[in-house]
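Participant: Can you keep this structure in mind? I'll have questions shortly.
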There are 2 protein chains.
Amino acid sequence: MAELSSWNDGPAKSAIVDFVERTVAEIEPEARIAVFDNDGTLWCEKPMYIQLDFLLRRFREQAEADPSLRDQQPYKAAYSGDLKWLGDAVTKHYQGDDTDLKPLMGAILTAHHEITVEEHAGRVNAFFAEAKHPTLGRAYTACGYQPMVELLRYLETNGFTCYIVSGGARDFMRPVTGALYGIPPERVVGSSVGLDYRDGDLFTTSQPEFLDDGPMKPVRLWSRIGRRPILGAGNSNGDIEMLEFTRGMRLLVLHDDGDREFDYTAGAEKSLDQAARDGWTVVSMRNDWATVFGD
Amino acid sequence: MAELSSWNDGPAKSAIVDFVERTVAEIEPEARIAVFDNDGTLWCEKPMYIQLDFLLRRFREQAEADPSLRDQQPYKAAYSGDLKWLGDAVTKHYQGDDTDLKPLMGAILTAHHEITVEEHAGRVNAFFAEAKHPTLGRAYTACGYQPMVELLRYLETNGFTCYIVSGGARDFMRPVTGALYGIPPERVVGSSVGLDYRDGDLFTTSQPEFLDDGPMKPVRLWSRIGRRPILGAGNSNGDIEMLEFTRGMRLLVLHDDGDREFDYTAGAEKSLDQAARDGWTVVSMRNDWATVFGD
């Protein structure tokens, strides 16, 4: 398949092509709904979530403006550049320990509050215009996985409609998903803070609304799509319920390529067990992808 | 315009056509977002919301199964057929008095709880397969306004994407918006109860999630669409904030046609004042529509 030229011939590619061909023969286009996790599934999530870098820069700004913040986490980590504290907080979360996630969430919720949704998009665009991945030597906007972008296009060519359903913030992803993945803002489902309407504008608040992870993923995707997906793709324990809710093909991206990307299973243990038990298609980055990143 | 053949020539039709032609010349298709209220804007909302009939039938079933409910509102009204209590509850709400709305909301929230989203859709489909409007002598599925359906098609022909943003329940509308309006479930925004994920399925709960009315309309449409609409259409005070958030054309349907539909402004007083003050386009059912309902 020319369309999947970044995929090596092998069981994952064959399973995808077989599924898509069967779908085209049997399922009407309206029901061809595919959902994709973002972090670790469509783009790189190591050494930390790209959104965390966006927030870290903001925490650093806030700590520069207010020295009293410099002794508190996560501002302390941001100000001193202690990225390990942050990475560990996320890994712990996926292992069931939210001790460090709580202060982090509080800071996240106030990092960009009381601005209009348009001002928020402006800050996101400013970040992506200059920020680079700390170790891969490429812009964050070039950190999408080429085989997955090809898969999105291949699915669309075959009448599928693709959505992102991510634990990342909805309004952080939306400004760049068009350029990165060809996914427009109305097909980006993610975590959110409450918004306040005042005088013709919408303002961000510091009130959490949804953490779009785990069992919340099927709830939010139903809210947004109103149909059950027939193809789902994820890479972590937070994607299990979304994949269970999917009736059809389930893909789980395995990060086993320390040379070209990263090699880890922390936070994905349960999902890998379930993939083995239930016959989900595991996509090995090392074996199934001829290319990881585009130019 | 052949496409708007159910509209009389006049100021409303001219304003719409001028706006659409200007939009096509100046605005890229991705930004051509139009949002429509449903009850009273796309279909008939009198003598009561169509969804209320759906719920009334359920309340009656519940009162038949449990006699103790027959002395409590709204089961009493449903069981005895006292529709006035229900209509008044809604009118009072739009006038700022929620005394009767509260027990009604409680009953609404438990009417269809603890079933899967697919079972819920099945109950909705069963209702629409048999229910008829109590006075117009037509199926509820034929209670959409033909000029508005033509407007949806005219907008789509000109590159717009149209959404429903309604105070009605999202999962009550979705099963029929395709056949009625050509609007698929993913473009239906409405009120919702929380959903619970269990073992691969989503179950309705009795927990309110969003009442998609008033200032919540711009919040919810942003959540779903992630863009600011350039055309908005409503008919009541609950649509004011959505229309304010819209930057472009605002339409307000005026129910002034007691012969062909209904003649009322209750619950629309503030929106009509604001339309006059801010130059929104008022669509007079009597003067602007050659036909109200299709065959």
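Scheme for the structure tokens: letters A, B, ... for chains in order shown; per-chain residue numbers from 1; ligand numbers from 1 in order shown.
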So that I can check the surroundings of segment 191-193 of chain B, please list as a VMD selection string every protein, DNA and RNA residue that reaches within 9 Å of it, counting only C-alpha atoms and ignoring chain neighbours fewer than 2 positions away.
Facilitator: (chain A and resid 223) or (chain B and resid 109 113 166 to 171 189 195 204 to 213)
Participant: Residues of chain B within 10 Å of chain A, using only C-alpha atoms, as a ChimeraX atom specification?
Facilitator: /B:30,117-118,170-171,174-175,184-190,192,194-203,214-228,240-247
Participant: Env of Asp263 of chain A: 12 Å cut, atoms = only C-alpha atoms, seq-sep filter 2 positions within chain, self excluded. Answer as a list in words.
Facilitator: Gly40, Cys44, Glu45, Lys46, Pro47, Val253, Leu254, His255, Asp256, Asp257, Gly258, Asp259, Arg260, Glu261, Thr265, Ala266, Ala268, Ser284, Met285 and Arg286 of chain A
Participant: One decimal, Å: what's the distance from atom CA of Arg60 of chain A over to atom CA of Ala121 of chain A, could you say?
Facilitator: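 Distance reported for this atom pair: 19.4 Å.
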Participant: At what distance in Å, to one decimal, does atom CA of Asp39 of chain B lie from atom CA of Val165 of chain B?
Facilitator: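 Computing it gives 10.0 Å between the two atoms.
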Participant: Please provide the set of residues having any atom within 9 Å of segment 9-17 of chain A, restricted to only C-alpha atoms, with same-chain residues fewer than 3 positions apart removed, written as an MDAnalysis selection string.
Facilitator: chainID A and resid 1 4 20:22 151 249 251 281:284 287:289
Participant: Suppose we keep all heavy atoms; can you now write the selection as a compact mmCIF listing (two decimals), in the first residue's frame?
Facilitator:
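Result saved to again_38.txt:
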# COMPACT_ATOMS: atom_id res chain seq x y z
N MET A 1 0.85 -1.19 0.00
CA MET A 1 0.00 0.00 0.00
C MET A 1 0.88 1.24 0.00
O MET A 1 1.54 1.54 0.99
CB MET A 1 -0.87 0.05 1.26
CG MET A 1 -1.71 -1.18 1.51
SD MET A 1 -3.00 -1.43 0.27
CE MET A 1 -3.94 0.09 0.49
N LEU A 4 0.57 3.59 3.00
CA LEU A 4 1.17 3.26 4.29
C LEU A 4 2.66 2.97 4.10
O LEU A 4 3.19 2.01 4.64
CB LEU A 4 0.45 2.07 4.94
CG LEU A 4 -1.02 2.31 5.31
CD1 LEU A 4 -1.65 1.03 5.87
CD2 LEU A 4 -1.16 3.43 6.34
N VAL A 20 -9.56 -2.46 7.19
CA VAL A 20 -10.11 -1.35 6.41
C VAL A 20 -10.83 -1.86 5.18
O VAL A 20 -11.93 -1.40 4.83
CB VAL A 20 -8.99 -0.34 6.06
CG1 VAL A 20 -9.48 0.69 5.03
CG2 VAL A 20 -8.50 0.36 7.33
N GLU A 21 -10.27 -2.84 4.52
CA GLU A 21 -10.93 -3.37 3.31
C GLU A 21 -12.26 -4.04 3.66
O GLU A 21 -13.26 -3.89 2.95
CB GLU A 21 -9.99 -4.33 2.57
CG GLU A 21 -8.84 -3.55 1.93
CD GLU A 21 -7.83 -4.41 1.18
OE1 GLU A 21 -7.94 -5.65 1.23
OE2 GLU A 21 -6.91 -3.83 0.55
N ARG A 22 -12.29 -4.74 4.79
CA ARG A 22 -13.54 -5.37 5.22
C ARG A 22 -14.57 -4.30 5.58
O ARG A 22 -15.76 -4.41 5.26
CB ARG A 22 -13.25 -6.27 6.44
CG ARG A 22 -14.18 -7.45 6.55
CD ARG A 22 -13.61 -8.50 7.50
NE ARG A 22 -13.39 -8.01 8.85
CZ ARG A 22 -12.22 -7.96 9.47
NH1 ARG A 22 -11.13 -8.38 8.87
NH2 ARG A 22 -12.13 -7.49 10.70
N LEU A 151 -1.63 6.74 8.48
CA LEU A 151 -2.81 5.93 8.82
C LEU A 151 -4.07 6.80 8.84
O LEU A 151 -5.13 6.39 8.32
CB LEU A 151 -2.59 5.25 10.18
CG LEU A 151 -3.76 4.43 10.74
CD1 LEU A 151 -4.22 3.35 9.75
CD2 LEU A 151 -3.38 3.79 12.08
N MET A 249 -11.45 -2.68 15.40
CA MET A 249 -10.00 -2.83 15.53
C MET A 249 -9.46 -1.94 16.65
O MET A 249 -9.78 -0.76 16.74
CB MET A 249 -9.35 -2.44 14.20
CG MET A 249 -7.85 -2.22 14.31
SD MET A 249 -7.00 -2.48 12.73
CE MET A 249 -6.34 -4.14 12.99
N LEU A 251 -5.77 -0.70 18.25
CA LEU A 251 -4.32 -0.63 18.05
C LEU A 251 -3.67 -0.10 19.32
O LEU A 251 -4.16 0.85 19.93
CB LEU A 251 -3.99 0.32 16.90
CG LEU A 251 -4.55 -0.01 15.52
CD1 LEU A 251 -4.25 1.13 14.55
CD2 LEU A 251 -3.95 -1.32 15.01
N THR A 281 -4.29 -5.33 18.44
CA THR A 281 -3.12 -5.31 17.56
C THR A 281 -2.04 -4.39 18.16
O THR A 281 -2.24 -3.18 18.28
CB THR A 281 -3.51 -4.79 16.17
OG1 THR A 281 -4.52 -5.66 15.63
CG2 THR A 281 -2.31 -4.74 15.24
N VAL A 282 -0.93 -4.99 18.56
CA VAL A 282 0.17 -4.20 19.10
C VAL A 282 1.05 -3.73 17.95
O VAL A 282 1.44 -4.53 17.09
CB VAL A 282 0.98 -5.02 20.13
CG1 VAL A 282 2.22 -4.22 20.58
CG2 VAL A 282 0.11 -5.38 21.33
N VAL A 283 1.30 -2.43 17.91
CA VAL A 283 2.14 -1.84 16.87
C VAL A 283 3.52 -1.59 17.48
O VAL A 283 3.67 -0.73 18.35
CB VAL A 283 1.53 -0.52 16.36
CG1 VAL A 283 2.48 0.17 15.38
CG2 VAL A 283 0.16 -0.76 15.73
N SER A 284 4.48 -2.36 17.05
CA SER A 284 5.85 -2.19 17.54
C SER A 284 6.53 -1.10 16.71
O SER A 284 6.69 -1.24 15.50
CB SER A 284 6.62 -3.50 17.41
OG SER A 284 8.01 -3.24 17.39
N ASN A 287 9.63 -2.61 14.98
CA ASN A 287 9.45 -3.58 13.91
C ASN A 287 8.47 -3.13 12.82
O ASN A 287 8.63 -3.50 11.66
CB ASN A 287 8.96 -4.91 14.48
CG ASN A 287 9.96 -5.48 15.48
OD1 ASN A 287 11.16 -5.32 15.31
ND2 ASN A 287 9.44 -6.10 16.54
N ASP A 288 7.45 -2.38 13.23
CA ASP A 288 6.38 -2.09 12.26
C ASP A 288 6.55 -0.78 11.51
O ASP A 288 5.88 -0.56 10.51
CB ASP A 288 5.02 -2.10 12.98
CG ASP A 288 4.62 -3.51 13.42
OD1 ASP A 288 4.74 -4.43 12.59
OD2 ASP A 288 4.23 -3.69 14.58
N TRP A 289 7.42 0.08 12.01
CA TRP A 289 7.55 1.39 11.37
C TRP A 289 8.90 1.51 10.66
O TRP A 289 9.96 1.45 11.29
CB TRP A 289 7.41 2.51 12.41
CG TRP A 289 6.00 2.65 12.94
CD1 TRP A 289 4.90 1.93 12.55
CD2 TRP A 289 5.54 3.57 13.94
NE1 TRP A 289 3.79 2.34 13.26
CE2 TRP A 289 4.15 3.34 14.11
CE3 TRP A 289 6.15 4.55 14.72
CZ2 TRP A 289 3.38 4.07 15.02
CZ3 TRP A 289 5.40 5.29 15.62
CH2 TRP A 289 4.02 5.04 15.76
